[in-house]
$ cat structure.cif   # mmCIF, C-alpha atoms
data_input
#
loop_
_atom_site.label_atom_id
_atom_site.label_comp_id
_atom_site.auth_asym_id
_atom_site.auth_seq_id
_atom_site.Cartn_x
_atom_site.Cartn_y
_atom_site.Cartn_z
CA MET A 2 -54.99 23.88 29.69
CA ARG A 3 -53.38 26.72 27.76
CA THR A 4 -49.88 26.22 26.51
CA THR A 5 -47.44 28.74 25.12
CA GLY A 6 -46.52 26.46 22.24
CA LYS A 7 -42.89 26.43 23.36
CA LYS A 8 -41.49 22.95 23.83
CA SER A 9 -40.05 22.10 27.23
CA SER A 10 -36.29 21.80 27.69
CA ASN A 11 -36.93 18.41 29.32
CA THR A 12 -38.21 17.05 26.02
CA LEU A 13 -35.12 18.50 24.36
CA VAL A 14 -32.88 16.45 26.67
CA ARG A 15 -35.03 13.40 25.91
CA ASP A 16 -34.65 14.04 22.19
CA LEU A 17 -30.89 14.44 22.53
CA VAL A 18 -30.60 11.18 24.49
CA ASN A 19 -32.65 9.47 21.76
CA VAL A 20 -30.30 10.87 19.12
CA GLY A 21 -27.34 9.34 20.97
CA ILE A 22 -29.02 5.97 21.43
CA PHE A 23 -30.40 5.61 17.92
CA GLY A 24 -27.16 7.02 16.47
CA ALA A 25 -25.22 4.20 18.14
CA LEU A 26 -27.77 1.66 16.94
CA TYR A 27 -27.72 3.09 13.39
CA LEU A 28 -23.92 2.86 13.25
CA VAL A 29 -23.89 -0.76 14.42
CA LEU A 30 -26.72 -1.90 12.12
CA SER A 31 -25.40 -0.06 9.06
CA GLY A 32 -21.99 -1.69 9.65
CA ILE A 33 -23.65 -5.12 9.74
CA GLY A 34 -25.72 -4.37 6.63
CA ALA A 35 -22.77 -2.96 4.69
CA SER A 36 -20.62 -6.02 5.42
CA ILE A 37 -22.23 -7.90 2.49
CA GLY A 38 -20.38 -5.42 0.25
CA PHE A 39 -17.22 -7.48 0.83
CA ILE A 40 -18.62 -9.90 -1.76
CA PRO A 41 -17.81 -8.17 -5.10
CA ALA A 42 -21.16 -9.04 -6.71
CA PHE A 43 -23.05 -7.38 -3.85
CA ILE A 44 -21.17 -4.05 -3.69
CA VAL A 45 -23.94 -2.11 -5.43
CA VAL A 46 -26.82 -3.74 -3.54
CA SER A 47 -25.14 -3.39 -0.13
CA THR A 48 -26.82 0.02 0.29
CA CYS A 49 -30.20 -1.71 -0.12
CA ALA A 50 -29.29 -4.10 2.73
CA VAL A 51 -28.25 -1.15 4.94
CA SER A 52 -31.55 0.67 4.25
CA LEU A 53 -33.61 -2.46 4.92
CA VAL A 54 -31.90 -3.18 8.22
CA THR A 55 -31.96 0.40 9.50
CA SER A 56 -35.53 1.29 8.48
CA VAL A 57 -37.27 -0.07 11.58
CA PRO A 58 -34.96 1.72 14.09
CA LEU A 59 -35.22 4.94 12.07
CA PHE A 60 -39.03 4.82 11.99
CA LEU A 61 -39.05 4.27 15.75
CA PHE A 62 -36.62 7.18 16.10
CA PHE A 63 -38.85 9.46 13.98
CA SER A 64 -41.88 8.58 16.09
CA LYS A 65 -40.07 9.30 19.35
CA VAL A 66 -38.50 12.70 18.67
CA GLU A 67 -40.33 15.98 19.08
CA ARG A 68 -37.84 18.13 17.16
CA PRO A 69 -37.40 16.25 13.88
CA LEU A 70 -35.21 18.81 12.13
CA LEU A 71 -32.68 19.15 14.95
CA CYS A 72 -32.63 15.42 15.66
CA CYS A 73 -32.20 14.36 12.02
CA VAL A 74 -29.40 16.88 11.51
CA LEU A 75 -27.68 15.70 14.70
CA ILE A 76 -27.95 11.96 13.93
CA CYS A 77 -26.57 12.45 10.40
CA THR A 78 -23.85 14.81 11.63
CA LEU A 79 -22.76 12.34 14.32
CA PHE A 80 -22.60 9.57 11.71
CA GLY A 81 -20.55 11.87 9.47
CA VAL A 82 -18.20 12.80 12.31
CA VAL A 83 -17.61 9.14 13.18
CA MET A 84 -16.94 8.37 9.51
CA MET A 85 -14.59 11.37 9.29
CA PHE A 86 -12.68 9.91 12.24
CA SER A 87 -12.36 6.68 10.27
CA GLY A 88 -10.79 8.22 7.18
CA HIS A 89 -13.62 9.84 5.16
CA GLY A 90 -13.21 13.45 4.08
CA ILE A 91 -14.80 16.67 5.32
CA SER A 92 -16.94 16.77 2.16
CA TYR A 93 -18.60 13.54 3.30
CA GLY A 94 -19.38 15.13 6.67
CA LEU A 95 -20.97 18.12 4.90
CA LEU A 96 -23.06 15.80 2.72
CA CYS A 97 -24.30 14.05 5.87
CA VAL A 98 -25.44 17.41 7.29
CA ILE A 99 -27.30 18.20 4.05
CA TYR A 100 -29.06 14.81 4.09
CA GLY A 101 -29.94 15.40 7.74
CA VAL A 102 -31.50 18.79 6.93
CA LEU A 103 -33.50 17.29 4.05
CA ALA A 104 -34.70 14.38 6.22
CA GLY A 105 -35.69 16.77 9.01
CA LEU A 106 -37.54 19.05 6.57
CA SER A 107 -39.47 16.09 5.11
CA LEU A 108 -40.60 15.11 8.60
CA LYS A 109 -41.47 18.68 9.50
CA LEU A 110 -43.40 19.40 6.29
CA PHE A 111 -45.43 16.19 6.41
CA HIS A 112 -45.98 16.38 10.21
CA LYS A 113 -44.30 13.03 10.82
CA ASN A 114 -46.92 11.04 8.89
CA PHE A 115 -46.02 7.92 6.89
CA VAL A 116 -45.04 9.82 3.73
CA GLY A 117 -42.81 12.16 5.74
CA CYS A 118 -41.15 9.25 7.52
CA LEU A 119 -40.66 7.43 4.21
CA LEU A 120 -39.09 10.51 2.59
CA ALA A 121 -36.84 11.05 5.62
CA ASN A 122 -35.84 7.39 5.49
CA VAL A 123 -34.93 7.73 1.80
CA MET A 124 -32.86 10.87 2.56
CA ILE A 125 -31.00 9.10 5.36
CA SER A 126 -30.44 6.08 3.09
CA PHE A 127 -28.28 8.38 0.92
CA VAL A 128 -25.84 8.78 3.84
CA PRO A 129 -24.26 5.29 3.47
CA SER A 130 -24.72 5.44 -0.33
CA SER A 131 -22.50 8.54 -0.51
CA MET A 132 -19.60 6.74 1.14
CA MET A 133 -18.47 5.32 -2.20
CA ILE A 134 -18.61 8.61 -4.14
CA PRO A 135 -14.75 8.88 -4.01
CA LEU A 136 -14.62 5.79 -6.24
CA TRP A 137 -15.90 8.04 -9.05
CA SER A 138 -14.69 11.48 -7.91
CA SER A 139 -11.07 10.46 -7.16
CA THR A 140 -10.78 6.98 -8.61
CA GLU A 141 -7.02 6.48 -8.46
CA GLU A 142 -6.58 7.47 -4.81
CA TYR A 143 -9.55 5.33 -3.77
CA LEU A 144 -8.28 2.28 -5.64
CA ALA A 145 -4.78 2.79 -4.24
CA TYR A 146 -6.25 2.92 -0.72
CA CYS A 147 -8.36 -0.19 -1.34
CA SER A 148 -5.44 -2.12 -2.81
CA SER A 149 -3.90 -2.30 0.67
CA VAL A 150 -7.12 -3.84 2.01
CA CYS A 151 -8.56 -6.09 -0.66
CA ASP A 152 -7.34 -8.73 -3.08
CA SER A 153 -6.62 -8.03 -6.75
CA ALA A 154 -9.93 -9.52 -8.01
CA TYR A 155 -11.90 -7.15 -5.75
CA ILE A 156 -9.84 -4.15 -6.92
CA ALA A 157 -10.41 -5.17 -10.55
CA HIS A 158 -14.15 -5.31 -9.86
CA LEU A 159 -14.02 -1.83 -8.25
CA ALA A 160 -12.07 -0.47 -11.24
CA GLU A 161 -14.70 -1.96 -13.55
CA LEU A 162 -17.45 -0.27 -11.53
CA SER A 163 -15.68 3.09 -11.66
CA SER A 164 -15.57 3.04 -15.48
CA SER A 165 -19.28 3.89 -15.71
CA TYR A 166 -21.63 6.13 -13.71
CA TRP A 167 -24.45 3.55 -13.72
CA PRO A 168 -23.17 1.72 -10.60
CA LEU A 169 -23.17 5.05 -8.74
CA ILE A 170 -26.79 5.61 -9.78
CA GLY A 171 -27.42 1.99 -8.76
CA LEU A 172 -25.93 2.60 -5.31
CA PHE A 173 -28.32 5.49 -4.68
CA GLY A 174 -31.23 3.76 -6.44
CA PHE A 175 -30.90 0.52 -4.49
CA GLY A 176 -30.47 2.52 -1.27
CA ALA A 177 -33.69 4.45 -1.96
CA ALA A 178 -35.55 1.28 -3.02
CA GLY A 179 -34.40 -0.47 0.16
CA ALA A 180 -35.56 2.53 2.19
CA VAL A 181 -39.03 2.44 0.57
CA VAL A 182 -39.45 -1.32 1.05
CA GLY A 183 -37.96 -1.04 4.55
CA GLY A 184 -40.42 1.78 5.25
CA PHE A 185 -43.41 -0.42 4.47
CA VAL A 186 -41.94 -3.25 6.57
CA ALA A 187 -41.25 -0.77 9.36
CA ARG A 188 -44.86 0.48 9.30
CA ARG A 189 -46.10 -3.10 9.70
CA VAL A 190 -43.60 -3.81 12.50
CA MET A 191 -44.51 -0.55 14.26
CA LYS A 192 -48.19 -1.44 14.21
CA LYS A 193 -47.59 -5.05 15.21
CA HIS A 194 -45.15 -4.42 18.06
CA PHE A 195 -44.30 -0.88 19.13
CA GLU A 196 -47.70 0.82 18.94
CA ARG A 197 -49.29 -2.12 20.73
CA ILE A 198 -46.97 -1.84 23.73
CA GLY A 199 -47.09 1.96 23.76
CA LEU A 200 -43.52 2.66 22.66
CA ALA A 201 -44.63 4.66 19.61
CA GLN A 202 -47.67 6.59 18.48
CA MET B 23 -1.35 9.53 35.14
CA LYS B 24 -4.28 11.81 34.53
CA LEU B 25 -4.57 13.65 31.24
CA ASP B 26 -6.93 16.48 30.46
CA PRO B 27 -9.91 15.27 28.33
CA ARG B 28 -8.99 17.85 25.67
CA THR B 29 -5.54 16.27 25.35
CA LYS B 30 -7.17 12.86 25.01
CA LEU B 31 -9.44 14.19 22.25
CA PHE B 32 -6.44 15.67 20.44
CA LEU B 33 -4.62 12.34 20.81
CA ALA B 34 -7.63 10.46 19.40
CA LEU B 35 -7.93 12.88 16.50
CA ALA B 36 -4.21 12.79 15.64
CA ALA B 37 -4.02 9.00 16.06
CA ASN B 38 -7.05 8.36 13.84
CA GLY B 39 -5.74 10.75 11.22
CA MET B 40 -2.39 8.94 11.16
CA ILE B 41 -3.86 5.44 11.31
CA PHE B 42 -6.24 5.91 8.38
CA THR B 43 -4.19 8.16 6.10
CA ALA B 44 -0.48 7.81 6.88
CA PRO B 45 1.91 4.88 6.30
CA LEU B 46 2.08 2.16 8.93
CA VAL B 47 5.10 3.57 10.77
CA TYR B 48 3.14 6.69 11.82
CA SER B 49 0.22 4.66 13.14
CA LEU B 50 2.73 2.55 15.09
CA LEU B 51 4.15 5.74 16.63
CA MET B 52 0.63 6.67 17.78
CA VAL B 53 -0.01 3.15 19.08
CA VAL B 54 3.17 3.35 21.18
CA VAL B 55 2.01 6.47 23.02
CA ALA B 56 -1.46 4.99 23.59
CA SER B 57 0.10 1.76 24.91
CA ILE B 58 2.37 3.66 27.30
CA LEU B 59 -0.61 5.62 28.61
CA LEU B 60 -2.63 2.41 29.01
CA LEU B 61 0.29 0.76 30.87
CA LEU B 62 0.49 3.77 33.18
CA GLU B 63 -3.21 3.25 33.89
CA GLY B 64 -2.40 -0.36 34.89
CA LYS B 65 -4.10 -1.94 31.89
CA TRP B 66 -1.16 -4.22 31.04
CA LYS B 67 -3.42 -7.21 30.30
CA PHE B 68 -5.21 -5.24 27.56
CA VAL B 69 -1.89 -4.00 26.12
CA CYS B 70 -0.43 -7.54 25.99
CA THR B 71 -3.57 -8.97 24.33
CA PHE B 72 -3.68 -6.05 21.90
CA PHE B 73 -0.07 -6.47 20.79
CA PHE B 74 -0.45 -10.25 20.46
CA VAL B 75 -3.58 -9.98 18.26
CA TYR B 76 -2.17 -6.99 16.35
CA LEU B 77 1.14 -8.65 15.48
CA THR B 78 -0.54 -11.98 14.63
CA ALA B 79 -3.05 -10.22 12.35
CA GLY B 80 -0.20 -8.24 10.76
CA PHE B 81 1.75 -11.44 10.05
CA PHE B 82 -1.24 -13.23 8.46
CA PHE B 83 -2.26 -10.06 6.58
CA ASP B 84 1.13 -10.00 4.87
CA GLN B 85 0.88 -13.71 4.06
CA VAL B 86 -2.67 -13.61 2.62
CA LYS B 87 -2.37 -10.24 0.84
CA ASN B 88 -0.50 -11.57 -2.17
CA LEU B 89 -2.57 -14.73 -2.60
CA ASP B 90 -5.35 -14.69 -5.17
CA ILE B 91 -8.07 -16.75 -3.47
CA GLY B 92 -11.19 -14.94 -4.64
CA THR B 93 -14.16 -13.81 -2.56
CA SER B 94 -13.25 -15.80 0.55
CA GLY B 95 -9.80 -14.19 0.32
CA THR B 96 -11.38 -10.72 0.30
CA ILE B 97 -13.45 -11.54 3.37
CA ILE B 98 -10.42 -12.96 5.23
CA LEU B 99 -8.26 -10.04 4.11
CA ALA B 100 -10.90 -7.50 5.14
CA SER B 101 -11.23 -9.14 8.57
CA LEU B 102 -7.46 -9.12 9.00
CA PHE B 103 -7.36 -5.52 7.79
CA LEU B 104 -9.97 -4.58 10.39
CA MET B 105 -7.72 -6.09 13.06
CA TYR B 106 -4.48 -4.78 11.61
CA ARG B 107 -5.40 -1.19 10.72
CA ILE B 108 -8.45 -0.44 12.83
CA MET B 109 -7.31 -2.08 16.08
CA PRO B 110 -4.79 0.71 16.80
CA ALA B 111 -7.62 3.24 16.49
CA CYS B 112 -9.73 1.06 18.81
CA ALA B 113 -6.84 0.93 21.33
CA VAL B 114 -6.60 4.72 21.39
CA LEU B 115 -10.39 5.09 21.68
CA TYR B 116 -10.41 2.42 24.42
CA TYR B 117 -7.92 4.51 26.38
CA VAL B 118 -9.96 7.70 25.85
CA ILE B 119 -13.31 6.10 26.75
CA THR B 120 -12.21 4.04 29.75
CA THR B 121 -10.19 6.79 31.41
CA THR B 122 -12.56 9.71 30.87
CA LYS B 123 -15.46 10.19 33.25
CA VAL B 124 -18.71 11.58 31.87
CA ASN B 125 -18.63 14.68 34.08
CA GLU B 126 -15.02 15.44 33.05
CA PHE B 127 -15.92 15.09 29.38
CA LEU B 128 -18.95 17.36 29.76
CA ALA B 129 -16.85 19.94 31.61
CA CYS B 130 -14.17 19.79 28.91
CA MET B 131 -16.73 20.25 26.12
CA SER B 132 -18.26 23.13 28.05
CA ARG B 133 -14.80 24.78 28.32
CA MET B 134 -14.43 24.42 24.57
CA HIS B 135 -17.79 26.27 24.19
CA ILE B 136 -19.40 23.31 22.43
CA SER B 137 -23.17 23.31 22.74
CA ASN B 138 -24.90 20.73 24.92
CA LYS B 139 -27.00 19.84 21.88
CA VAL B 140 -23.88 18.20 20.44
CA THR B 141 -22.28 17.04 23.68
CA ILE B 142 -25.24 15.09 25.10
CA PRO B 143 -25.87 12.86 22.04
CA LEU B 144 -22.13 12.31 21.64
CA ILE B 145 -21.64 11.16 25.22
CA VAL B 146 -24.74 8.94 25.12
CA MET B 147 -23.56 7.44 21.84
CA ILE B 148 -20.06 6.67 23.11
CA ARG B 149 -21.39 5.11 26.32
CA PHE B 150 -24.12 3.18 24.52
CA PHE B 151 -22.03 0.88 22.29
CA PRO B 152 -21.24 -1.60 25.12
CA THR B 153 -24.94 -1.59 26.09
CA VAL B 154 -26.03 -2.41 22.53
CA TYR B 155 -23.47 -5.24 22.46
CA ASP B 156 -24.59 -6.67 25.84
CA GLU B 157 -28.28 -6.49 24.97
CA SER B 158 -27.72 -8.02 21.54
CA ARG B 159 -25.71 -10.89 23.04
CA ALA B 160 -28.38 -11.58 25.67
CA ILE B 161 -31.13 -11.59 23.00
CA GLY B 162 -28.97 -13.83 20.78
CA ASN B 163 -28.60 -16.34 23.65
CA ALA B 164 -32.35 -16.29 24.32
CA MET B 165 -33.09 -16.84 20.62
CA ARG B 166 -30.59 -19.70 20.38
CA MET B 167 -32.38 -21.41 23.29
CA ARG B 168 -35.52 -21.30 21.11
CA GLY B 169 -33.70 -22.67 18.09
CA ILE B 170 -33.54 -19.36 16.20
CA ARG B 171 -30.05 -19.15 14.69
CA LEU B 172 -28.50 -17.22 11.80
CA PHE B 173 -27.26 -20.33 10.02
CA SER B 174 -30.31 -22.56 10.11
CA LEU B 175 -32.92 -23.85 7.67
CA ARG B 176 -35.61 -21.85 9.43
CA THR B 177 -33.72 -18.58 8.89
CA LEU B 178 -33.05 -19.43 5.25
CA LYS B 179 -36.78 -20.05 4.71
CA ASN B 180 -37.80 -16.75 6.32
CA PRO B 181 -34.94 -14.27 6.83
CA VAL B 182 -37.33 -11.37 7.59
CA ALA B 183 -38.74 -13.30 10.57
CA PHE B 184 -35.20 -13.82 11.89
CA LEU B 185 -34.54 -10.09 11.56
CA GLU B 186 -37.78 -9.40 13.43
CA TYR B 187 -36.93 -11.86 16.22
CA ARG B 188 -33.54 -10.23 16.75
CA LEU B 189 -34.30 -6.57 16.02
CA VAL B 190 -37.64 -6.00 17.78
CA PRO B 191 -36.53 -7.15 21.28
CA LEU B 192 -33.32 -5.15 20.86
CA LEU B 193 -35.27 -2.01 19.93
CA VAL B 194 -37.75 -2.45 22.78
CA SER B 195 -34.92 -2.92 25.26
CA VAL B 196 -32.89 -0.01 23.86
CA THR B 197 -35.91 2.33 23.85
CA LYS B 198 -36.72 1.52 27.47
CA ILE B 199 -33.09 2.10 28.48
CA GLY B 200 -33.20 5.41 26.62
CA ASP B 201 -36.37 6.51 28.40
CA GLU B 202 -34.87 5.62 31.80
CA LEU B 203 -31.66 7.41 30.89
CA SER B 204 -33.43 10.60 29.86
CA ILE B 205 -35.56 10.56 33.04
CA ALA B 206 -32.39 10.11 35.13
CA ALA B 207 -30.67 12.93 33.21
CA VAL B 208 -33.58 15.34 33.68
CA THR B 209 -33.87 14.42 37.38
CA ARG B 210 -30.21 15.28 37.85
CA GLY B 211 -30.79 18.66 36.26
CA LEU B 212 -29.17 18.08 32.87
CA SER B 213 -30.40 20.80 30.58
CA THR B 214 -29.31 22.69 27.51
CA ASP B 215 -30.24 26.12 28.90
CA THR B 216 -28.32 26.19 32.16
CA LYS B 217 -24.59 26.23 32.57
CA ARG B 218 -23.52 23.23 34.60
CA THR B 219 -20.88 23.21 37.30
CA CYS B 220 -18.34 20.43 37.79
CA VAL B 221 -16.53 19.25 40.92
CA ALA B 222 -13.82 17.46 38.93
CA LYS B 223 -10.71 19.53 38.32
CA ILE B 224 -9.62 19.66 34.71
CA GLY B 225 -6.71 21.58 33.29
CA PHE B 226 -3.45 21.24 31.42
CA ARG B 227 -0.35 19.93 33.18
CA TRP B 228 3.15 19.14 31.96
CA VAL B 229 2.11 15.61 30.90
CA ASP B 230 -0.53 17.10 28.60
CA PHE B 231 2.06 19.31 26.94
CA VAL B 232 4.39 16.31 26.45
CA VAL B 233 1.62 14.23 24.79
CA ILE B 234 0.46 17.16 22.61
CA ALA B 235 4.07 17.94 21.57
CA TYR B 236 4.64 14.25 20.68
CA CYS B 237 1.47 14.13 18.55
CA LEU B 238 2.39 17.39 16.83
CA ILE B 239 5.90 16.11 16.02
CA VAL B 240 4.45 12.91 14.47
CA VAL B 241 1.89 14.89 12.44
CA CYS B 242 4.53 17.42 11.31
CA ALA B 243 6.86 14.58 10.33
CA PHE B 244 4.10 13.09 8.18
CA PHE B 245 3.45 16.40 6.43
CA ASN B 246 7.21 17.09 6.12
CA VAL B 247 6.81 20.39 7.98
CA ILE B 248 10.04 19.96 9.96
CA PRO B 249 13.04 19.47 7.63
CA GLY B 250 15.12 16.42 8.47
CA LEU B 251 12.35 14.51 10.26
#

$ encode --input "structure.cif" --output "structure tokens"
Amino acid sequence: MRTTGKKSSNTLVRDLVNVGIFGALYLVLSGIGASIGFIPAFIVVSTCAVSLVTSVPLFLFFSKVERPLLCCVLICTLFGVVMMFSGHGISYGLLCVIYGVLAGLSLKLFHKNFVGCLLANVMISFVPSSMMIPLWSSTEEYLAYCSSVCDSAYIAHLAELSSSYWPLIGLFGFGAAGAVVGGFVARRVMKKHFERIGLAQ
Amino acid sequence: MKLDPRTKLFLALAANGMIFTAPLVYSLLMVVVASILLLLEGKWKFVCTFFFVYLTAGFFFDQVKNLDIGTSGTIILASLFLMYRIMPACAVLYYVITTTKVNEFLACMSRMHISNKVTIPLIVMIRFFPTVYDESRAIGNAMRMRGIRLFSLRTLKNPVAFLEYRLVPLLVSVTKIGDELSIAAVTRGLSTDTKRTCVAKIGFRWVDFVVIAYCLIVVCAFFNVIPGL
């Protein structure tokens, strides 16, 4: 059968519904993963936990969508909008859009193969990692905000972290490492469960 | 009392802005208007529970805040903070979500010339949080019946297996719900190309103007726009 190459609008609706569903799931799971950051020693590695927990849903999401660029931009933008509603700045929302574009492009360029999915997963792992950038970009305001939430020992630990740029690199590095490890776990889980029951290709 | 969905969105935006950036008194002012609107909707039980939990959390937050009790203190303080500072935002969002029908919200977004590519995921996302919670709870109960718990020796020995036992059924269930939802949406003619019609009447009335004016006054007072406020 000859096709025009144009994707149906029905699949667009399906993609948009998937963005909504996996967006909700991503928000919930990243919140659970990030909660280990309440323990001062685990602040830097909390991004790794988020990436590990969210890798499997993201891989399933990548396999289900037909318009990777649009869907990745939308899921990151929605996350950014929700975070903006909860006190993060507009710059964070813009960063989310950029990560979404990069993730979508990785999927598009590599035709949704494992490398593309892994790269997209790493790009999306930078979304929660960027949430703590204000600790280095506007240290005093961030610490003043946190002082109303956390005890003095936690604030002292945050101040100690802000004195060097290595923890910031660590946040992104651990997030990316978690995304890579989570990607390999996700591939195994996809083969073991989702491909077997026909939920993913 | 029926408010236009656009007014509710403005209320949610103003309330969240005040709750997360302004001093406590401004967030209280926003909570008051949300509570009045919830009471007018007959949700007095929710309002009473909310105020009880909110005031209790506020009291304990003030007590624990100045104590230096280490990591456990941070966890307790963060939990109390979630209740104390984020609960008002949740109350406002609860009002917006429970009193806005999907068709009204879609019509309102369409009037604001927002593309369906943004509206559809947003509405699915908002409506999907309770589903994720229900499914997760049901899977948790089923796993507990099989002896798979978070705080057990088995989980400590193999945490990845625990994650797999909880996450995979949730993902399978969520994906199937998503497929059914998209089929239902397409069957009902939901599309990004066509302009949809709506039977529900939406529009601004005097109540909307009162709520918007109230929010504007609170926001202006915070930014010191009106002298003397």

$ interface_residues --input "structure.cif" --of "chain A" --to "chain B" --cutoff "8 Å" --atoms "all atoms listed in the file" --output "PyMOL selection string"
chain A and resi 10-11+13-15+17-22+24-26+39-41+58+75+79+86-88+150-155+194-195+200

$ residues_around --input "structure.cif" --residues "Ile224 (chain B)" --least-positions-apart "3" --cutoff "10 Å" --atoms "only C-alpha atoms" --output "number ranges by chain"
B: 24-28, 126-127, 129-130, 133, 220-221, 227

$ residues_around --input "structure.cif" --residues "region 133-146 of chain A" --least-positions-apart "6" --cutoff "12 Å" --atoms "only C-alpha atoms" --output "PyMOL selection string"
(chain A and resi 35+38+44-45+47-48+88-90+92-93+96+127+152-153+155-173) or (chain B and resi 42-45)

$ closest_residue --input "structure.cif" --among "A:Val82, A:Leu119, A:Ala187, A:Ile125" --to "Val102 (chain A)" --atoms "all atoms listed in the file"
A:Ile125

$ closest_residue --input "structure.cif" --among "A:Ser130, A:Leu106, A:Gly174, A:Val83" --to "Leu115 (chain B)" --atoms "only C-alpha atoms"
A:Val83

$ resolve_selection --input "structure.cif" --expression "the PyMOL selection byres ((chain A and resi 50) around 8)" --output "list in words"
Gly34, Ala35, Val46, Ser47, Thr48, Cys49, Val51, Ser52, Leu53, Val54, Gly176 and Gly179 of chain A

$ resolve_selection --input "structure.cif" --expression "the PyMOL selection byres ((chain A and resi 201) around 7)" --output "PyMOL selection string"
chain A and resi 61+64-65+195-196+199-200+202

$ atom_distance --input "structure.cif" --atom1 "CA of Val57 (chain A)" --atom2 "CA of Asn122 (chain A)"
9.7 Å

$ atom_distance --input "structure.cif" --atom1 "CA of Met109 (chain B)" --atom2 "CA of Met52 (chain B)"
11.9 Å

$ atom_distance --input "structure.cif" --atom1 "CA of Gly105 (chain A)" --atom2 "CA of Val74 (chain A)"
6.8 Å

$ resolve_selection --input "structure.cif" --expression "the PyMOL selection byres ((chain B and resi 238) around 12)" --output "PyMOL selection string"
chain B and resi 29+32-33+35-37+39-40+48+51-52+231-237+239-248

$ residues_around --input "structure.cif" --residues "Phe73 (chain B)" --least-positions-apart "4" --cutoff "10 Å" --atoms "only C-alpha atoms" --output "list in words"
Val53, Ser57, Phe68, Val69, Leu77, Thr78, Ala79, Met109 and Pro110 of chain B

$ closest_residue --input "structure.cif" --among "B:Lys223, B:Asp230, B:Leu31, B:Ser195" --to "Asp156 (chain B)" --atoms "all atoms listed in the file"
B:Ser195

$ decode --input "structure.cif" --residues "region 72-117 of chain A" --atoms "C-alpha atoms" --output "tab-separated table (two decimals), in the first residue's frame"
chain	number	residue	atom	x	y	z
A	72	CYS	CA	6.93	14.71	22.45
A	73	CYS	CA	10.30	15.24	24.17
A	74	VAL	CA	9.92	19.02	23.97
A	75	LEU	CA	6.39	18.78	25.37
A	76	ILE	CA	7.26	16.44	28.26
A	77	CYS	CA	10.22	18.62	29.32
A	78	THR	CA	8.20	21.82	28.89
A	79	LEU	CA	5.35	20.43	31.02
A	80	PHE	CA	7.85	19.46	33.73
A	81	GLY	CA	9.34	22.95	33.54
A	82	VAL	CA	5.91	24.59	33.74
A	83	VAL	CA	4.97	22.53	36.81
A	84	MET	CA	8.29	23.44	38.44
A	85	MET	CA	7.75	27.10	37.55
A	86	PHE	CA	4.40	26.90	39.33
A	87	SER	CA	6.25	25.60	42.38
A	88	GLY	CA	8.70	28.47	42.65
A	89	HIS	CA	11.44	27.87	40.04
A	90	GLY	CA	12.29	30.69	37.65
A	91	ILE	CA	11.52	31.22	33.97
A	92	SER	CA	15.17	30.46	33.15
A	93	TYR	CA	14.63	26.93	34.47
A	94	GLY	CA	11.61	26.54	32.19
A	95	LEU	CA	13.72	27.64	29.20
A	96	LEU	CA	16.46	25.17	30.14
A	97	CYS	CA	13.85	22.40	30.21
A	98	VAL	CA	12.77	23.31	26.66
A	99	ILE	CA	16.41	23.20	25.48
A	100	TYR	CA	16.95	19.77	27.06
A	101	GLY	CA	13.71	18.60	25.45
A	102	VAL	CA	14.89	19.76	22.01
A	103	LEU	CA	18.25	18.03	22.47
A	104	ALA	CA	16.59	14.79	23.64
A	105	GLY	CA	14.17	14.88	20.70
A	106	LEU	CA	17.01	15.52	18.23
A	107	SER	CA	19.02	12.59	19.63
A	108	LEU	CA	16.04	10.30	19.12
A	109	LYS	CA	15.38	11.66	15.66
A	110	LEU	CA	19.01	11.46	14.49
A	111	PHE	CA	19.54	7.90	15.75
A	112	HIS	CA	16.08	6.71	14.62
A	113	LYS	CA	15.05	5.71	18.14
A	114	ASN	CA	17.71	2.99	18.45
A	115	PHE	CA	19.40	2.19	21.77
A	116	VAL	CA	22.10	4.87	21.41
A	117	GLY	CA	19.48	7.51	20.59
